[in-house]
Protein chains: 2
Amino acid sequence: MKAQKIDLAQRLQHVQDEFVELWNNMGSLWGISPTMARIHGLLYITGAALSMDDIMEKLGISRGNVSMNLSKLVEWGLVRRVHKRGDRKDYYESLSDVWEMFTLVANQRKRREIDPILTTLRRCKEELSPEALGAQAEAEAAQEHFRRVNELLKFLSMVESLAQRFFESHRGLREAVELLAQEAD
Amino acid sequence: MKAQKIDLAQRLQHVQDEFVELWNNMGSLWGISPTMARIHGLLYITGAALSMDDIMEKLGISRGNVSMNLSKLVEWGLVRRVHKRGDRKDYYESLSDVWEMFTLVANQRKRREIDPILTTLRRCKEELSPEALGAQAEAEAAQEHFRRVNELLKFLSMVESLAQRFFESHRGLREAVELLAQEAD
DNA sequence: TACAATTTTCATATCTTCCTAAAAGGGCTA
DNA sequence: TAGCCCTTTTAGGAAGATATGAAAATTGTA
């Protein structure tokens with residue numbers, strides 16, 4: 001029986017390592033740094049509230065690094081601080097709902113990356129508009145530029161409005177996915 | 001009239017610069033390197049077939065760099081080589097359809113990032129299955145790990161099957177967007 | 001308030017990624 | 001096949017991103 005327990009612990013450990021490594025790679029997809037992703041992966045897979053020391057030890061990274069990345073994770077909303085009575089340490093635990101996590105990340109990225117792009121694109125369009133160019137707007141080159149900026153703007157505006165609708169909560173996301181899945185039958 | 005033409009050229013130049021800079025930032029969102037993105041941005045906004053020398057000059061980057069990034073762009077399918085009769089230089093031109101470009105990028109990322117993740121996740125699930133763990137599968141920790149891996153797997157499988165359906169061509173993407181937009185009314 | 005336990009900050013060090021310049025490669029044309 | 005023109009590859013270096021560790025700040029307790 002003892003041997004079995006040790007065995008189990010090892011197996012879990014192994015799966016955890018594999019999972020953390022996986023999350024590490026997934027960081028680039030989510031637009032977060034690898035270490036931040038690893039910490040989150042560890043918290044997600046274990047499902048436990050861990051202290052900084054736990055994390056330092058399990059991932060072999062320094063205290064400062066853990067501290068900085070944890071505070072980013074908390075800021076993103078993927079992880080929250082929890083306290084244990086009679087213990088002065090802070091503990092951290094991951095959200096457990098995959099949909100919710102995904103939605104949070106998607107929203108962050110939208111706000112931080114898509115929105116500024118839209119602003120710039122609108123300005124470009126402005127600068128190429130007939131009002132700004134006057135008679136020169138007739139020029140072939142100007143028209144081509146205008147057309148391309150506009151195409152892109154149309155596309156991204158659409159993406160943005162859908163995101164608005166479906167990504168503002170994880171319920172919205174579920175709804176969207178169900179809708180699409182249904183159609184796929 | 002002359003002054004106007006010069007003026008127009010300057011304005012277009014300015015918009016191009018702004019656009020290239022924008023694309024540069026967008027690189028991270030698409031998962032391509034900033035320079036690769038800038039080159040593509042330039043080709044997209046000008047709508048012209050440019051030579052390596054043109055690109056080197058307009059973006060101020062070295063020949064080797066342009067060469068490497070162009071070949072990646074061609075590999076991704078975002079840019080294609082074109083030849084001009086009586087000219088030994090290669091020229092490069094971007095796709096013009098925004099939907100098509102987006103679909104290409106999405107597919108690349110799926111293949112290169114999501115698919116490997118799914119493979120790993122399935123292996124993790126395997127290792128945590130009752131078959132692999134036997135009686136130990138009853139342990140609370142094992143069950144929690146299993147549940148979490150499984151949640152994620154379900155989520156990503158769904159994403160993957162939707163992507164299969166809707167991202168395999170840009171027509172599919174349009175279809176999906178229309179469906180969602182409709183529902184949003 | 002003083003002390004001890006934690007966490008955060010920040011200057012420094014390390015690592016990775018990207019870029020360049022130069023050399024090698026490939027293919028026309030004469 | 002020699003010479004030219006253009007492209008690709010590569011080794012090394014520069015810039016940027018990340019991690020570290022120790023000092024400073026914060027927090028809770030007596």
# chains A, B, ... in the order shown; residues from 1 in each chain; ligands from 1
call {"tool": "interface_residues", "arguments": {"of": "chain C", "to": "chain B", "cutoff": "9 Å", "atoms": "only C-alpha atoms (C1' of nucleotides)", "output": "PDB file with N, CA and C atoms (P, O5', C5', C4', C3', O3' and C1' of nucleotides), in the first residue's frame"}}
result
ATOM      1  P    DC C  19      14.508  41.429 -36.884  1.00  0.00           P
ATOM      2  O5'  DC C  19      16.050  41.787 -37.071  1.00  0.00           O
ATOM      3  C5'  DC C  19      16.606  42.848 -36.313  1.00  0.00           C
ATOM      4  C4'  DC C  19      18.035  43.072 -36.749  1.00  0.00           C
ATOM      5  C3'  DC C  19      18.189  43.208 -38.260  1.00  0.00           C
ATOM      6  O3'  DC C  19      18.831  44.455 -38.543  1.00  0.00           O
ATOM      7  C1'  DC C  19      19.664  41.532 -37.399  1.00  0.00           C
ATOM      8  P    DT C  20      19.091  44.852 -40.102  1.00  0.00           P
ATOM      9  O5'  DT C  20      20.644  44.563 -40.263  1.00  0.00           O
ATOM     10  C5'  DT C  20      21.512  44.934 -39.201  1.00  0.00           C
ATOM     11  C4'  DT C  20      22.913  44.397 -39.454  1.00  0.00           C
ATOM     12  C3'  DT C  20      23.378  44.549 -40.897  1.00  0.00           C
ATOM     13  O3'  DT C  20      24.624  45.244 -40.894  1.00  0.00           O
ATOM     14  C1'  DT C  20      23.658  42.290 -40.142  1.00  0.00           C
ATOM     15  P    DA C  21      25.111  45.935 -42.265  1.00  0.00           P
ATOM     16  O5'  DA C  21      26.443  45.108 -42.557  1.00  0.00           O
ATOM     17  C5'  DA C  21      27.223  44.639 -41.461  1.00  0.00           C
ATOM     18  C4'  DA C  21      28.140  43.530 -41.946  1.00  0.00           C
ATOM     19  C3'  DA C  21      28.653  43.709 -43.370  1.00  0.00           C
ATOM     20  O3'  DA C  21      29.993  43.266 -43.396  1.00  0.00           O
ATOM     21  C1'  DA C  21      27.476  41.671 -43.229  1.00  0.00           C
ATOM     22  P    DC C  28      17.580  29.529 -65.119  1.00  0.00           P
ATOM     23  O5'  DC C  28      17.660  30.709 -66.180  1.00  0.00           O
ATOM     24  C5'  DC C  28      18.936  30.980 -66.677  1.00  0.00           C
ATOM     25  C4'  DC C  28      19.164  32.444 -66.866  1.00  0.00           C
ATOM     26  C3'  DC C  28      19.494  32.735 -68.315  1.00  0.00           C
ATOM     27  O3'  DC C  28      19.014  33.994 -68.690  1.00  0.00           O
ATOM     28  C1'  DC C  28      21.451  32.962 -66.923  1.00  0.00           C
TER      29       DC C  28
END
call {"tool": "residues_around", "arguments": {"residues": "range 5-11 of chain D", "least_positions_apart": "5", "cutoff": "8 Å", "atoms": "only C-alpha atoms (C1' of nucleotides)", "output": "list in words"}}
result
Gly64, Ser67, Met68, Arg88 and Lys89 of chain B; DA24 and DG25 of chain C
call {"tool": "select_by_dssp", "arguments": {"residues": "range 91-141 of chain B", "states": "helix (DSSP H, G or I)", "output": "ChimeraX atom specification"}}
result
/B:98-128,130-138,140-141
call {"tool": "write_last_selection", "arguments": {"atoms": "N, CA and C atoms", "output": "short mmCIF file (atom, residue, chain, number, x, y, z; two decimals), in the first residue's frame"}}
result
data_model
loop_
_atom_site.label_atom_id
_atom_site.label_comp_id
_atom_site.auth_asym_id
_atom_site.auth_seq_id
_atom_site.Cartn_x
_atom_site.Cartn_y
_atom_site.Cartn_z
N VAL B 98 -8.56 40.25 -47.15
CA VAL B 98 -8.32 40.22 -45.71
C VAL B 98 -8.79 38.92 -45.07
N TRP B 99 -9.91 38.45 -45.48
CA TRP B 99 -10.47 37.21 -44.92
C TRP B 99 -9.55 36.04 -45.19
N GLU B 100 -9.06 36.03 -46.41
CA GLU B 100 -8.19 34.93 -46.80
C GLU B 100 -6.90 34.96 -45.98
N MET B 101 -6.37 36.14 -45.82
CA MET B 101 -5.13 36.26 -45.03
C MET B 101 -5.37 35.77 -43.61
N PHE B 102 -6.43 36.23 -43.06
CA PHE B 102 -6.73 35.87 -41.68
C PHE B 102 -6.89 34.36 -41.53
N THR B 103 -7.58 33.77 -42.47
CA THR B 103 -7.80 32.33 -42.42
C THR B 103 -6.49 31.56 -42.52
N LEU B 104 -5.62 32.03 -43.40
CA LEU B 104 -4.32 31.38 -43.53
C LEU B 104 -3.58 31.39 -42.20
N VAL B 105 -3.55 32.56 -41.58
CA VAL B 105 -2.82 32.68 -40.32
C VAL B 105 -3.44 31.79 -39.25
N ALA B 106 -4.77 31.83 -39.20
CA ALA B 106 -5.45 31.01 -38.19
C ALA B 106 -5.12 29.53 -38.38
N ASN B 107 -5.12 29.09 -39.60
CA ASN B 107 -4.82 27.69 -39.86
C ASN B 107 -3.40 27.32 -39.50
N GLN B 108 -2.49 28.19 -39.86
CA GLN B 108 -1.10 27.93 -39.49
C GLN B 108 -0.96 27.77 -37.99
N ARG B 109 -1.59 28.69 -37.27
CA ARG B 109 -1.44 28.66 -35.82
C ARG B 109 -2.10 27.42 -35.25
N LYS B 110 -3.23 27.07 -35.77
CA LYS B 110 -3.89 25.86 -35.30
C LYS B 110 -2.96 24.66 -35.48
N ARG B 111 -2.45 24.53 -36.66
CA ARG B 111 -1.61 23.38 -36.96
C ARG B 111 -0.36 23.37 -36.10
N ARG B 112 0.23 24.54 -35.95
CA ARG B 112 1.51 24.60 -35.27
C ARG B 112 1.40 24.67 -33.76
N GLU B 113 0.28 25.17 -33.25
CA GLU B 113 0.20 25.36 -31.81
C GLU B 113 -0.90 24.55 -31.14
N ILE B 114 -2.10 24.58 -31.70
CA ILE B 114 -3.19 23.87 -31.02
C ILE B 114 -3.03 22.36 -31.13
N ASP B 115 -2.73 21.89 -32.31
CA ASP B 115 -2.67 20.45 -32.50
C ASP B 115 -1.67 19.76 -31.56
N PRO B 116 -0.46 20.29 -31.45
CA PRO B 116 0.47 19.65 -30.49
C PRO B 116 -0.05 19.67 -29.06
N ILE B 117 -0.73 20.74 -28.71
CA ILE B 117 -1.28 20.83 -27.36
C ILE B 117 -2.28 19.71 -27.13
N LEU B 118 -3.12 19.50 -28.11
CA LEU B 118 -4.12 18.43 -27.98
C LEU B 118 -3.47 17.08 -27.80
N THR B 119 -2.41 16.86 -28.55
CA THR B 119 -1.71 15.59 -28.43
C THR B 119 -1.21 15.37 -26.99
N THR B 120 -0.58 16.39 -26.46
CA THR B 120 -0.07 16.28 -25.09
C THR B 120 -1.19 16.07 -24.09
N LEU B 121 -2.25 16.83 -24.26
CA LEU B 121 -3.36 16.70 -23.33
C LEU B 121 -3.95 15.30 -23.33
N ARG B 122 -4.05 14.75 -24.50
CA ARG B 122 -4.61 13.39 -24.58
C ARG B 122 -3.70 12.41 -23.85
N ARG B 123 -2.41 12.64 -23.97
CA ARG B 123 -1.49 11.75 -23.26
C ARG B 123 -1.66 11.91 -21.75
N CYS B 124 -1.80 13.16 -21.31
CA CYS B 124 -2.01 13.39 -19.87
C CYS B 124 -3.27 12.66 -19.40
N LYS B 125 -4.30 12.79 -20.17
CA LYS B 125 -5.56 12.15 -19.79
C LYS B 125 -5.36 10.64 -19.67
N GLU B 126 -4.69 10.11 -20.65
CA GLU B 126 -4.36 8.69 -20.66
C GLU B 126 -3.69 8.26 -19.36
N GLU B 127 -2.70 9.02 -18.99
CA GLU B 127 -1.92 8.68 -17.79
C GLU B 127 -2.73 8.76 -16.51
N LEU B 128 -3.81 9.50 -16.57
CA LEU B 128 -4.63 9.66 -15.37
C LEU B 128 -5.88 8.78 -15.39
N PRO B 130 -8.42 5.61 -15.23
CA PRO B 130 -8.54 4.46 -14.33
C PRO B 130 -7.73 3.26 -14.81
N GLU B 131 -7.68 3.08 -16.12
CA GLU B 131 -6.92 1.94 -16.63
C GLU B 131 -5.45 2.03 -16.23
N ALA B 132 -4.93 3.24 -16.30
CA ALA B 132 -3.51 3.40 -16.00
C ALA B 132 -3.25 3.39 -14.49
N LEU B 133 -4.19 3.93 -13.74
CA LEU B 133 -3.94 4.08 -12.30
C LEU B 133 -4.48 2.95 -11.44
N GLY B 134 -5.40 2.21 -11.98
CA GLY B 134 -5.99 1.12 -11.19
C GLY B 134 -6.70 1.66 -9.97
N ALA B 135 -6.52 0.99 -8.86
CA ALA B 135 -7.23 1.36 -7.63
C ALA B 135 -6.90 2.77 -7.19
N GLN B 136 -5.71 3.24 -7.54
CA GLN B 136 -5.29 4.57 -7.09
C GLN B 136 -6.12 5.68 -7.72
N ALA B 137 -6.84 5.33 -8.76
CA ALA B 137 -7.65 6.34 -9.45
C ALA B 137 -8.70 6.93 -8.51
N GLU B 138 -8.98 6.19 -7.44
CA GLU B 138 -9.97 6.68 -6.47
C GLU B 138 -9.47 7.90 -5.71
N GLU B 140 -8.43 11.27 -4.24
CA GLU B 140 -9.01 12.59 -4.52
C GLU B 140 -8.13 13.40 -5.48
N ALA B 141 -6.84 13.43 -5.18
CA ALA B 141 -5.92 14.22 -6.00
C ALA B 141 -5.95 13.75 -7.45
#
call {"tool": "interface_residues", "arguments": {"of": "chain D", "to": "chain A", "cutoff": "10 Å", "atoms": "only C-alpha atoms (C1' of nucleotides)", "output": "VMD selection string"}}
result
chain D and resid 17 to 21 27 to 28
call {"tool": "interface_residues", "arguments": {"of": "chain A", "to": "chain B", "cutoff": "8 Å", "atoms": "only C-alpha atoms", "output": "short mmCIF file (atom, residue, chain, number, x, y, z; two decimals) with C-alpha atoms, in the first residue's frame"}}
result
data_model
loop_
_atom_site.label_atom_id
_atom_site.label_comp_id
_atom_site.auth_asym_id
_atom_site.auth_seq_id
_atom_site.Cartn_x
_atom_site.Cartn_y
_atom_site.Cartn_z
CA GLN A 4 1.36 2.36 -4.25
CA LYS A 5 1.01 5.74 -2.69
CA LEU A 8 0.72 7.65 -7.30
CA ARG A 11 2.63 9.72 -11.48
CA LEU A 12 0.82 12.88 -10.53
CA VAL A 15 1.56 14.62 -15.23
CA GLU A 18 4.04 17.56 -18.51
CA PHE A 19 1.15 19.91 -18.06
CA LEU A 22 2.46 22.35 -22.13
CA MET A 26 0.78 27.75 -24.82
CA SER A 28 2.74 32.42 -26.83
CA LEU A 29 -0.74 31.57 -28.04
CA GLY A 31 0.11 36.31 -25.38
CA TYR A 44 -4.57 25.11 -12.60
CA ILE A 45 -3.50 21.50 -12.74
CA THR A 46 -2.98 21.01 -9.02
CA GLY A 47 -6.20 22.79 -8.20
CA SER A 96 -11.07 26.46 -12.50
CA VAL A 98 -11.77 26.93 -18.62
CA TRP A 99 -14.30 29.05 -20.43
CA GLU A 113 -4.07 44.87 -28.92
CA ILE A 117 -5.11 48.92 -33.95
CA THR A 120 -4.77 53.78 -35.89
CA LEU A 121 -6.68 52.36 -38.80
CA CYS A 124 -5.29 56.18 -41.66
CA GLU A 127 -5.98 60.77 -43.90
CA LEU A 128 -6.92 59.07 -47.14
CA LEU A 133 -7.01 64.75 -50.10
CA GLN A 136 -5.87 64.22 -55.36
CA ALA A 142 -4.67 56.98 -53.30
CA GLU A 144 -5.97 51.72 -53.83
CA HIS A 145 -4.59 52.66 -50.43
CA ARG A 148 -7.12 48.44 -48.58
CA VAL A 149 -7.28 50.35 -45.37
CA GLU A 151 -11.23 46.53 -46.19
CA LEU A 152 -9.17 45.87 -43.16
CA PHE A 155 -12.98 43.28 -41.13
CA LEU A 162 -18.61 40.25 -32.31
CA ARG A 165 -21.08 40.68 -27.93
CA ALA A 176 -21.41 31.57 -29.60
CA LEU A 179 -24.45 28.36 -32.14
CA LEU A 180 -21.55 27.46 -34.37
CA ALA A 181 -21.45 23.86 -33.31
CA ALA A 184 -21.85 22.48 -38.14
#
call {"tool": "atom_distance", "arguments": {"atom1": "CA of Tyr92 in chain A", "atom2": "CA of Asp53 in chain A"}}
result
11.0 Å
call {"tool": "atom_distance", "arguments": {"atom1": "CA of Lys72 in chain B", "atom2": "CA of Glu57 in chain B"}}
result
19.6 Å
call {"tool": "atom_distance", "arguments": {"atom1": "CA of Gln143 in chain A", "atom2": "CA of Gln10 in chain B"}}
result
15.0 Å
